[in-house]
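Asks: What follows is the file run05.cif, containing mmCIF, N, CA and C atoms:
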```cif
data_data
loop_
_atom_site.group_PDB
_atom_site.id
_atom_site.type_symbol
_atom_site.label_atom_id
_atom_site.label_comp_id
_atom_site.auth_asym_id
_atom_site.auth_seq_id
_atom_site.Cartn_x
_atom_site.Cartn_y
_atom_site.Cartn_z
ATOM 1 N N MET Y 181 0.829 -1.178 0.000
ATOM 2 C CA MET Y 181 0.000 0.000 0.000
ATOM 3 C C MET Y 181 0.875 1.244 0.000
ATOM 4 N N GLY Y 182 0.430 2.260 -0.686
ATOM 5 C CA GLY Y 182 1.162 3.518 -0.720
ATOM 6 C C GLY Y 182 0.987 4.285 0.575
ATOM 7 N N LYS Y 183 1.662 5.440 0.663
ATOM 8 C CA LYS Y 183 1.540 6.283 1.849
ATOM 9 C C LYS Y 183 1.828 7.731 1.489
ATOM 10 N N PHE Y 184 1.225 8.626 2.257
ATOM 11 C CA PHE Y 184 1.530 10.046 2.165
ATOM 12 C C PHE Y 184 2.604 10.349 3.200
ATOM 13 N N VAL Y 185 3.672 11.010 2.773
ATOM 14 C CA VAL Y 185 4.744 11.383 3.693
ATOM 15 C C VAL Y 185 4.796 12.911 3.750
ATOM 16 N N ILE Y 186 4.599 13.447 4.954
ATOM 17 C CA ILE Y 186 4.636 14.898 5.150
ATOM 18 C C ILE Y 186 6.013 15.281 5.667
ATOM 19 N N THR Y 187 6.608 16.264 5.006
ATOM 20 C CA THR Y 187 7.937 16.744 5.387
ATOM 21 C C THR Y 187 7.922 18.271 5.435
ATOM 22 N N THR Y 188 9.007 18.825 5.954
ATOM 23 C CA THR Y 188 9.181 20.276 5.984
ATOM 24 C C THR Y 188 10.271 20.654 4.984
ATOM 25 N N ARG Y 189 9.972 21.621 4.145
ATOM 26 C CA ARG Y 189 10.977 22.124 3.198
ATOM 27 C C ARG Y 189 11.981 23.013 3.926
ATOM 28 N N LYS Y 190 13.079 23.327 3.247
ATOM 29 C CA LYS Y 190 14.107 24.175 3.847
ATOM 30 C C LYS Y 190 13.569 25.556 4.214
ATOM 31 N N ASN Y 191 12.556 26.028 3.488
ATOM 32 C CA ASN Y 191 11.981 27.353 3.760
ATOM 33 C C ASN Y 191 10.913 27.304 4.857
ATOM 34 N N GLY Y 192 10.720 26.133 5.480
ATOM 35 C CA GLY Y 192 9.769 26.000 6.572
ATOM 36 C C GLY Y 192 8.371 25.589 6.153
ATOM 37 N N GLU Y 193 8.120 25.545 4.853
ATOM 38 C CA GLU Y 193 6.803 25.124 4.381
ATOM 39 C C GLU Y 193 6.664 23.607 4.481
ATOM 40 N N PHE Y 194 5.417 23.161 4.572
ATOM 41 C CA PHE Y 194 5.105 21.737 4.618
ATOM 42 C C PHE Y 194 4.751 21.257 3.220
ATOM 43 N N GLN Y 195 5.071 20.002 2.935
ATOM 44 C CA GLN Y 195 4.667 19.398 1.668
ATOM 45 C C GLN Y 195 4.402 17.932 1.904
ATOM 46 N N PHE Y 196 3.650 17.333 0.965
ATOM 47 C CA PHE Y 196 3.462 15.892 1.041
ATOM 48 C C PHE Y 196 3.913 15.254 -0.256
ATOM 49 N N ASN Y 197 4.361 14.026 -0.132
ATOM 50 C CA ASN Y 197 4.639 13.166 -1.273
ATOM 51 C C ASN Y 197 3.776 11.927 -1.109
ATOM 52 N N LEU Y 198 3.133 11.517 -2.183
ATOM 53 C CA LEU Y 198 2.457 10.229 -2.202
ATOM 54 C C LEU Y 198 3.453 9.243 -2.764
ATOM 55 N N LYS Y 199 3.753 8.214 -1.969
ATOM 56 C CA LYS Y 199 4.713 7.207 -2.400
ATOM 57 C C LYS Y 199 3.986 5.902 -2.682
ATOM 58 N N ALA Y 200 4.378 5.239 -3.755
ATOM 59 C CA ALA Y 200 3.824 3.926 -4.097
ATOM 60 C C ALA Y 200 4.404 2.888 -3.144
ATOM 61 N N THR Y 201 3.894 1.678 -3.243
ATOM 62 C CA THR Y 201 4.347 0.583 -2.381
ATOM 63 C C THR Y 201 5.855 0.385 -2.481
ATOM 64 N N ASN Y 202 6.421 0.605 -3.677
ATOM 65 C CA ASN Y 202 7.856 0.416 -3.875
ATOM 66 C C ASN Y 202 8.689 1.605 -3.393
ATOM 67 N N GLY Y 203 8.029 2.621 -2.815
ATOM 68 C CA GLY Y 203 8.749 3.774 -2.289
ATOM 69 C C GLY Y 203 8.946 4.906 -3.275
ATOM 70 N N GLN Y 204 8.559 4.700 -4.515
ATOM 71 C CA GLN Y 204 8.730 5.737 -5.538
ATOM 72 C C GLN Y 204 7.685 6.837 -5.341
ATOM 73 N N VAL Y 205 8.126 8.095 -5.426
ATOM 74 C CA VAL Y 205 7.209 9.236 -5.319
ATOM 75 C C VAL Y 205 6.375 9.316 -6.592
ATOM 76 N N ILE Y 206 5.038 9.326 -6.412
ATOM 77 C CA ILE Y 206 4.156 9.396 -7.579
ATOM 78 C C ILE Y 206 3.363 10.696 -7.651
ATOM 79 N N LEU Y 207 3.388 11.487 -6.564
ATOM 80 C CA LEU Y 207 2.708 12.782 -6.569
ATOM 81 C C LEU Y 207 3.335 13.653 -5.498
ATOM 82 N N THR Y 208 3.599 14.921 -5.822
ATOM 83 C CA THR Y 208 4.203 15.866 -4.890
ATOM 84 C C THR Y 208 3.339 17.113 -4.821
ATOM 85 N N SER Y 209 3.163 17.635 -3.618
ATOM 86 C CA SER Y 209 2.342 18.827 -3.434
ATOM 87 C C SER Y 209 3.168 20.094 -3.573
ATOM 88 N N GLU Y 210 2.447 21.200 -3.565
ATOM 89 C CA GLU Y 210 3.072 22.510 -3.435
ATOM 90 C C GLU Y 210 3.510 22.676 -1.987
ATOM 91 N N GLY Y 211 4.105 23.802 -1.668
ATOM 92 C CA GLY Y 211 4.445 24.103 -0.286
ATOM 93 C C GLY Y 211 3.265 24.752 0.416
ATOM 94 N N TYR Y 212 3.033 24.344 1.655
ATOM 95 C CA TYR Y 212 1.952 24.906 2.466
ATOM 96 C C TYR Y 212 2.541 25.614 3.675
ATOM 97 N N LYS Y 213 1.946 26.730 4.070
ATOM 98 C CA LYS Y 213 2.438 27.485 5.225
ATOM 99 C C LYS Y 213 2.164 26.780 6.547
ATOM 100 N N THR Y 214 1.070 25.992 6.616
ATOM 101 C CA THR Y 214 0.740 25.298 7.864
ATOM 102 C C THR Y 214 0.579 23.799 7.605
ATOM 103 N N LYS Y 215 0.796 23.027 8.657
ATOM 104 C CA LYS Y 215 0.608 21.578 8.546
ATOM 105 C C LYS Y 215 -0.865 21.255 8.293
ATOM 106 N N ALA Y 216 -1.762 22.020 8.899
ATOM 107 C CA ALA Y 216 -3.197 21.793 8.704
ATOM 108 C C ALA Y 216 -3.574 21.944 7.234
ATOM 109 N N SER Y 217 -3.011 22.943 6.562
ATOM 110 C CA SER Y 217 -3.282 23.127 5.131
ATOM 111 C C SER Y 217 -2.735 21.959 4.322
ATOM 112 N N CYS Y 218 -1.577 21.472 4.707
ATOM 113 C CA CYS Y 218 -0.970 20.322 4.036
ATOM 114 C C CYS Y 218 -1.859 19.086 4.195
ATOM 115 N N LEU Y 219 -2.377 18.874 5.396
ATOM 116 C CA LEU Y 219 -3.271 17.741 5.636
ATOM 117 C C LEU Y 219 -4.555 17.880 4.827
ATOM 118 N N ASN Y 220 -5.045 19.108 4.675
ATOM 119 C CA ASN Y 220 -6.215 19.335 3.819
ATOM 120 C C ASN Y 220 -5.895 18.964 2.376
ATOM 121 N N GLY Y 221 -4.666 19.242 1.946
ATOM 122 C CA GLY Y 221 -4.233 18.858 0.602
ATOM 123 C C GLY Y 221 -4.254 17.348 0.418
ATOM 124 N N VAL Y 222 -3.802 16.618 1.436
ATOM 125 C CA VAL Y 222 -3.829 15.150 1.393
ATOM 126 C C VAL Y 222 -5.271 14.671 1.236
ATOM 127 N N GLU Y 223 -6.180 15.226 2.029
ATOM 128 C CA GLU Y 223 -7.588 14.830 1.944
ATOM 129 C C GLU Y 223 -8.168 15.148 0.575
ATOM 130 N N SER Y 224 -7.735 16.249 -0.017
ATOM 131 C CA SER Y 224 -8.193 16.616 -1.359
ATOM 132 C C SER Y 224 -7.708 15.608 -2.397
ATOM 133 N N VAL Y 225 -6.477 15.122 -2.247
ATOM 134 C CA VAL Y 225 -5.970 14.084 -3.150
ATOM 135 C C VAL Y 225 -6.834 12.835 -3.018
ATOM 136 N N LYS Y 226 -7.091 12.426 -1.778
ATOM 137 C CA LYS Y 226 -7.876 11.211 -1.548
ATOM 138 C C LYS Y 226 -9.254 11.309 -2.202
ATOM 139 N N LYS Y 227 -9.835 12.500 -2.175
ATOM 140 C CA LYS Y 227 -11.169 12.705 -2.724
ATOM 141 C C LYS Y 227 -11.140 12.797 -4.253
ATOM 142 N N ASN Y 228 -10.199 13.561 -4.787
ATOM 143 C CA ASN Y 228 -10.192 13.865 -6.218
ATOM 144 C C ASN Y 228 -9.525 12.805 -7.088
ATOM 145 N N CYS Y 229 -8.721 11.929 -6.502
ATOM 146 C CA CYS Y 229 -7.972 10.954 -7.304
ATOM 147 C C CYS Y 229 -8.856 9.845 -7.853
ATOM 148 N N LYS Y 230 -10.095 9.787 -7.418
ATOM 149 C CA LYS Y 230 -10.984 8.706 -7.853
ATOM 150 C C LYS Y 230 -11.561 8.945 -9.239
ATOM 151 N N GLU Y 231 -11.426 10.177 -9.751
ATOM 152 C CA GLU Y 231 -11.977 10.525 -11.055
ATOM 153 C C GLU Y 231 -10.842 10.811 -12.036
ATOM 154 N N GLU Y 232 -10.810 10.043 -13.112
ATOM 155 C CA GLU Y 232 -9.733 10.216 -14.082
ATOM 156 C C GLU Y 232 -9.732 11.607 -14.708
ATOM 157 N N LYS Y 233 -10.901 12.244 -14.786
ATOM 158 C CA LYS Y 233 -10.970 13.581 -15.390
ATOM 159 C C LYS Y 233 -10.240 14.634 -14.559
ATOM 160 N N ARG Y 234 -9.893 14.312 -13.322
ATOM 161 C CA ARG Y 234 -9.156 15.252 -12.459
ATOM 162 C C ARG Y 234 -7.659 15.276 -12.775
ATOM 163 N N PHE Y 235 -7.192 14.344 -13.604
ATOM 164 C CA PHE Y 235 -5.774 14.282 -13.957
ATOM 165 C C PHE Y 235 -5.554 15.048 -15.256
ATOM 166 N N ASP Y 236 -4.784 16.122 -15.160
ATOM 167 C CA ASP Y 236 -4.484 16.977 -16.300
ATOM 168 C C ASP Y 236 -3.136 16.541 -16.873
ATOM 169 N N LYS Y 237 -3.176 15.911 -18.034
ATOM 170 C CA LYS Y 237 -1.956 15.392 -18.664
ATOM 171 C C LYS Y 237 -1.260 16.514 -19.427
ATOM 172 N N LYS Y 238 0.039 16.624 -19.218
ATOM 173 C CA LYS Y 238 0.836 17.711 -19.796
ATOM 174 C C LYS Y 238 2.099 17.154 -20.443
ATOM 175 N N VAL Y 239 2.756 18.012 -21.214
ATOM 176 C CA VAL Y 239 4.074 17.700 -21.777
ATOM 177 C C VAL Y 239 4.991 18.869 -21.447
ATOM 178 N N ALA Y 240 6.093 18.590 -20.813
ATOM 179 C CA ALA Y 240 7.056 19.629 -20.425
ATOM 180 C C ALA Y 240 7.799 20.141 -21.652
ATOM 181 N N SER Y 241 8.506 21.242 -21.470
ATOM 182 C CA SER Y 241 9.250 21.843 -22.582
ATOM 183 C C SER Y 241 10.336 20.908 -23.112
ATOM 184 N N ASN Y 242 10.769 19.940 -22.288
ATOM 185 C CA ASN Y 242 11.776 18.975 -22.738
ATOM 186 C C ASN Y 242 11.142 17.762 -23.427
ATOM 187 N N GLY Y 243 9.803 17.810 -23.608
ATOM 188 C CA GLY Y 243 9.106 16.740 -24.316
ATOM 189 C C GLY Y 243 8.644 15.590 -23.434
ATOM 190 N N LYS Y 244 8.935 15.665 -22.147
ATOM 191 C CA LYS Y 244 8.556 14.561 -21.249
ATOM 192 C C LYS Y 244 7.152 14.785 -20.686
ATOM 193 N N PRO Y 245 6.343 13.712 -20.676
ATOM 194 C CA PRO Y 245 4.991 13.845 -20.140
ATOM 195 C C PRO Y 245 4.965 13.825 -18.612
ATOM 196 N N TYR Y 246 3.974 14.510 -18.049
ATOM 197 C CA TYR Y 246 3.722 14.505 -16.614
ATOM 198 C C TYR Y 246 2.251 14.845 -16.418
ATOM 199 N N PHE Y 247 1.783 14.802 -15.168
ATOM 200 C CA PHE Y 247 0.390 15.162 -14.916
ATOM 201 C C PHE Y 247 0.256 15.960 -13.633
ATOM 202 N N ASN Y 248 -0.829 16.723 -13.580
ATOM 203 C CA ASN Y 248 -1.239 17.419 -12.370
ATOM 204 C C ASN Y 248 -2.579 16.840 -11.932
ATOM 205 N N LEU Y 249 -2.763 16.685 -10.640
ATOM 206 C CA LEU Y 249 -4.070 16.314 -10.095
ATOM 207 C C LEU Y 249 -4.762 17.614 -9.720
ATOM 208 N N MET Y 250 -5.957 17.809 -10.251
ATOM 209 C CA MET Y 250 -6.679 19.066 -10.095
ATOM 210 C C MET Y 250 -7.840 18.919 -9.107
ATOM 211 N N ALA Y 251 -8.067 19.965 -8.318
ATOM 212 C CA ALA Y 251 -9.235 20.024 -7.442
ATOM 213 C C ALA Y 251 -10.441 20.471 -8.261
ATOM 214 N N ASN Y 252 -11.599 20.363 -7.662
ATOM 215 C CA ASN Y 252 -12.846 20.764 -8.312
ATOM 216 C C ASN Y 252 -12.813 22.225 -8.747
ATOM 217 N N ASN Y 253 -12.094 23.067 -7.986
ATOM 218 C CA ASN Y 253 -12.022 24.498 -8.289
ATOM 219 C C ASN Y 253 -10.931 24.839 -9.307
ATOM 220 N N GLY Y 254 -10.259 23.816 -9.849
ATOM 221 C CA GLY Y 254 -9.248 24.042 -10.872
ATOM 222 C C GLY Y 254 -7.834 24.221 -10.339
ATOM 223 N N GLN Y 255 -7.662 24.219 -9.018
ATOM 224 C CA GLN Y 255 -6.322 24.356 -8.453
ATOM 225 C C GLN Y 255 -5.560 23.041 -8.544
ATOM 226 N N ILE Y 256 -4.249 23.155 -8.719
ATOM 227 C CA ILE Y 256 -3.390 21.965 -8.730
ATOM 228 C C ILE Y 256 -3.188 21.503 -7.289
ATOM 229 N N ILE Y 257 -3.494 20.222 -7.030
ATOM 230 C CA ILE Y 257 -3.292 19.640 -5.701
ATOM 231 C C ILE Y 257 -1.904 19.028 -5.616
ATOM 232 N N GLY Y 258 -1.478 18.396 -6.698
ATOM 233 C CA GLY Y 258 -0.178 17.744 -6.719
ATOM 234 C C GLY Y 258 0.274 17.520 -8.146
ATOM 235 N N SER Y 259 1.572 17.338 -8.311
ATOM 236 C CA SER Y 259 2.171 17.119 -9.628
ATOM 237 C C SER Y 259 3.029 15.867 -9.605
ATOM 238 N N SER Y 260 3.094 15.225 -10.752
ATOM 239 C CA SER Y 260 3.915 14.023 -10.880
ATOM 240 C C SER Y 260 5.340 14.388 -11.249
ATOM 241 N N GLN Y 261 6.149 13.381 -11.310
ATOM 242 C CA GLN Y 261 7.487 13.507 -11.864
ATOM 243 C C GLN Y 261 7.372 13.577 -13.392
ATOM 244 N N MET Y 262 8.472 13.780 -14.057
ATOM 245 C CA MET Y 262 8.527 13.678 -15.518
ATOM 246 C C MET Y 262 8.702 12.210 -15.877
ATOM 247 N N TYR Y 263 7.970 11.769 -16.866
ATOM 248 C CA TYR Y 263 8.033 10.373 -17.289
ATOM 249 C C TYR Y 263 8.739 10.252 -18.633
ATOM 250 N N ALA Y 264 9.277 9.070 -18.894
ATOM 251 C CA ALA Y 264 9.977 8.817 -20.146
ATOM 252 C C ALA Y 264 9.004 8.764 -21.325
ATOM 253 N N ASN Y 265 7.768 8.325 -21.061
ATOM 254 C CA ASN Y 265 6.791 8.206 -22.133
ATOM 255 C C ASN Y 265 5.372 8.245 -21.570
ATOM 256 N N VAL Y 266 4.396 8.316 -22.469
ATOM 257 C CA VAL Y 266 2.991 8.435 -22.083
ATOM 258 C C VAL Y 266 2.499 7.182 -21.360
ATOM 259 N N VAL Y 267 2.973 6.015 -21.759
ATOM 260 C CA VAL Y 267 2.561 4.773 -21.106
ATOM 261 C C VAL Y 267 2.942 4.813 -19.626
ATOM 262 N N ASN Y 268 4.168 5.225 -19.342
ATOM 263 C CA ASN Y 268 4.615 5.311 -17.949
ATOM 264 C C ASN Y 268 3.810 6.359 -17.176
ATOM 265 N N MET Y 269 3.486 7.486 -17.828
ATOM 266 C CA MET Y 269 2.671 8.511 -17.176
ATOM 267 C C MET Y 269 1.294 7.949 -16.831
ATOM 268 N N ASN Y 270 0.680 7.240 -17.760
ATOM 269 C CA ASN Y 270 -0.636 6.652 -17.497
ATOM 270 C C ASN Y 270 -0.572 5.624 -16.371
ATOM 271 N N ASN Y 271 0.541 4.895 -16.285
ATOM 272 C CA ASN Y 271 0.746 3.970 -15.163
ATOM 273 C C ASN Y 271 0.862 4.744 -13.850
ATOM 274 N N GLY Y 272 1.479 5.911 -13.891
ATOM 275 C CA GLY Y 272 1.587 6.764 -12.707
ATOM 276 C C GLY Y 272 0.222 7.237 -12.238
ATOM 277 N N ILE Y 273 -0.626 7.626 -13.179
ATOM 278 C CA ILE Y 273 -2.000 8.035 -12.844
ATOM 279 C C ILE Y 273 -2.748 6.872 -12.206
ATOM 280 N N ALA Y 274 -2.630 5.700 -12.800
ATOM 281 C CA ALA Y 274 -3.293 4.510 -12.256
ATOM 282 C C ALA Y 274 -2.793 4.218 -10.844
ATOM 283 N N SER Y 275 -1.515 4.442 -10.602
ATOM 284 C CA SER Y 275 -0.934 4.201 -9.286
ATOM 285 C C SER Y 275 -1.492 5.183 -8.248
ATOM 286 N N VAL Y 276 -1.638 6.451 -8.633
ATOM 287 C CA VAL Y 276 -2.241 7.430 -7.717
ATOM 288 C C VAL Y 276 -3.676 7.021 -7.406
ATOM 289 N N MET Y 277 -4.432 6.650 -8.442
ATOM 290 C CA MET Y 277 -5.834 6.256 -8.250
ATOM 291 C C MET Y 277 -5.946 5.035 -7.328
ATOM 292 N N LYS Y 278 -4.978 4.145 -7.415
ATOM 293 C CA LYS Y 278 -4.998 2.914 -6.613
ATOM 294 C C LYS Y 278 -4.509 3.167 -5.187
ATOM 295 N N ASN Y 279 -3.423 3.918 -5.041
ATOM 296 C CA ASN Y 279 -2.760 4.058 -3.747
ATOM 297 C C ASN Y 279 -3.335 5.145 -2.841
ATOM 298 N N ALA Y 280 -3.779 6.253 -3.406
ATOM 299 C CA ALA Y 280 -4.129 7.415 -2.590
ATOM 300 C C ALA Y 280 -5.353 7.240 -1.691
ATOM 301 N N PRO Y 281 -6.448 6.642 -2.152
ATOM 302 C CA PRO Y 281 -7.673 6.673 -1.327
ATOM 303 C C PRO Y 281 -7.521 6.116 0.091
ATOM 304 N N GLU Y 282 -6.742 5.073 0.271
ATOM 305 C CA GLU Y 282 -6.609 4.451 1.588
ATOM 306 C C GLU Y 282 -5.219 4.621 2.185
ATOM 307 N N ALA Y 283 -4.392 5.448 1.566
ATOM 308 C CA ALA Y 283 -3.009 5.593 2.014
ATOM 309 C C ALA Y 283 -2.925 6.249 3.387
ATOM 310 N N PRO Y 284 -2.155 5.660 4.295
ATOM 311 C CA PRO Y 284 -1.944 6.301 5.602
ATOM 312 C C PRO Y 284 -1.034 7.506 5.462
ATOM 313 N N ILE Y 285 -1.055 8.355 6.491
ATOM 314 C CA ILE Y 285 -0.216 9.558 6.511
ATOM 315 C C ILE Y 285 0.937 9.327 7.481
ATOM 316 N N VAL Y 286 2.153 9.561 6.987
ATOM 317 C CA VAL Y 286 3.352 9.459 7.821
ATOM 318 C C VAL Y 286 3.900 10.872 7.990
ATOM 319 N N ASP Y 287 3.877 11.353 9.218
ATOM 320 C CA ASP Y 287 4.330 12.724 9.499
ATOM 321 C C ASP Y 287 5.797 12.688 9.910
ATOM 322 N N GLN Y 288 6.659 13.232 9.058
ATOM 323 C CA GLN Y 288 8.093 13.258 9.340
ATOM 324 C C GLN Y 288 8.549 14.650 9.765
ATOM 325 N N THR Y 289 7.606 15.488 10.192
ATOM 326 C CA THR Y 289 7.968 16.858 10.577
ATOM 327 C C THR Y 289 8.252 16.974 12.062
ATOM 328 N N VAL Y 290 7.988 15.932 12.824
ATOM 329 C CA VAL Y 290 8.157 16.020 14.282
ATOM 330 C C VAL Y 290 9.498 15.485 14.729
#
```
Reformat the file's structure so that it appears as structure tokens.

Replies:
Amino acid sequence: MGKFVITTRKNGEFQFNLKATNGQVILTSEGYKTKASCLNGVESVKKNCKEEKRFDKKVASNGKPYFNLMANNGQIIGSSQMYANVVNMNNGIASVMKNAPEAPIVDQTV
């Protein structure tokens, strides 16, 4: 099972990474000023990841595909890594959809 890992950035902001069972990061959040906001972001991922239409597929300037998970209001909740190809990106989306809904939260900020 995957897990959400909450950490503190060097600038003091909180962020979460959704990690797959193998430990690979499959979704990363923006920086949040408070831990409570970061936890709300995790809950938003759990809610929004169930609908494939919430995944906005993109191509970076270097030609590599990636995706953003979008909230109902159009805000980006989290972003993926850059993938070598579209097949791998689609596998990443499937992994978020599978792992996020029941993923426990591991708080590494304490």

Asks: What is the atom CA of Phe235 of chain Y to atom CA of Gly192 of chain Y distance in Å?

Replies: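 Answer for the atom CA of Phe235 of chain Y to atom CA of Gly192 of chain Y separation: 28.3 Å.
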
Asks: Check what the PyMOL selection byres ((chain Y and resi 202-205) around 8) selects in the file above and give those residues as a ChimeraX atom specification.

Replies: /Y:181-183,197-201,206-208,259-261

Asks: Please measure the separation of atom CA of Arg234 of chain Y and atom CA of Gln288 of chain Y, giving the value in Å to one decimal.

Replies: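 Here the two named atoms are 27.9 Å from each other.
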
Asks: As a check of understanding, name the residues that the PyMOL selection byres ((chain Y and resi 193) around 7) selects in the supplied structure, as a list of chain:residue names.

Replies: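 Matching residues under the PyMOL selection byres ((chain Y and resi 193) around 7) are Y:Thr187, Y:Thr188, Y:Arg189, Y:Lys190, Y:Asn191, Y:Gly192, Y:Phe194, Y:Gln195, Y:Gly211, Y:Tyr212, Y:Lys213, Y:Thr214.
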
Asks: List the neighbours of Asn220 of chain Y out to 12 Å using only C-alpha atoms; skip same-chain residues closer than 4 positions along the sequence, and give me the result as a list in words.

Replies: Ile186, Phe194, Gln195, Phe196, Ser209, Tyr212, Lys213, Thr214, Lys215, Ala216, Ser224, Val225, Lys226, Lys227, Ala251, Ile257 and Ile285 of chain Y

Asks: What gap, in Å, lies between atom N of Gly258 of chain Y and atom N of Asp236 of chain Y?

Replies: 9.4 Å
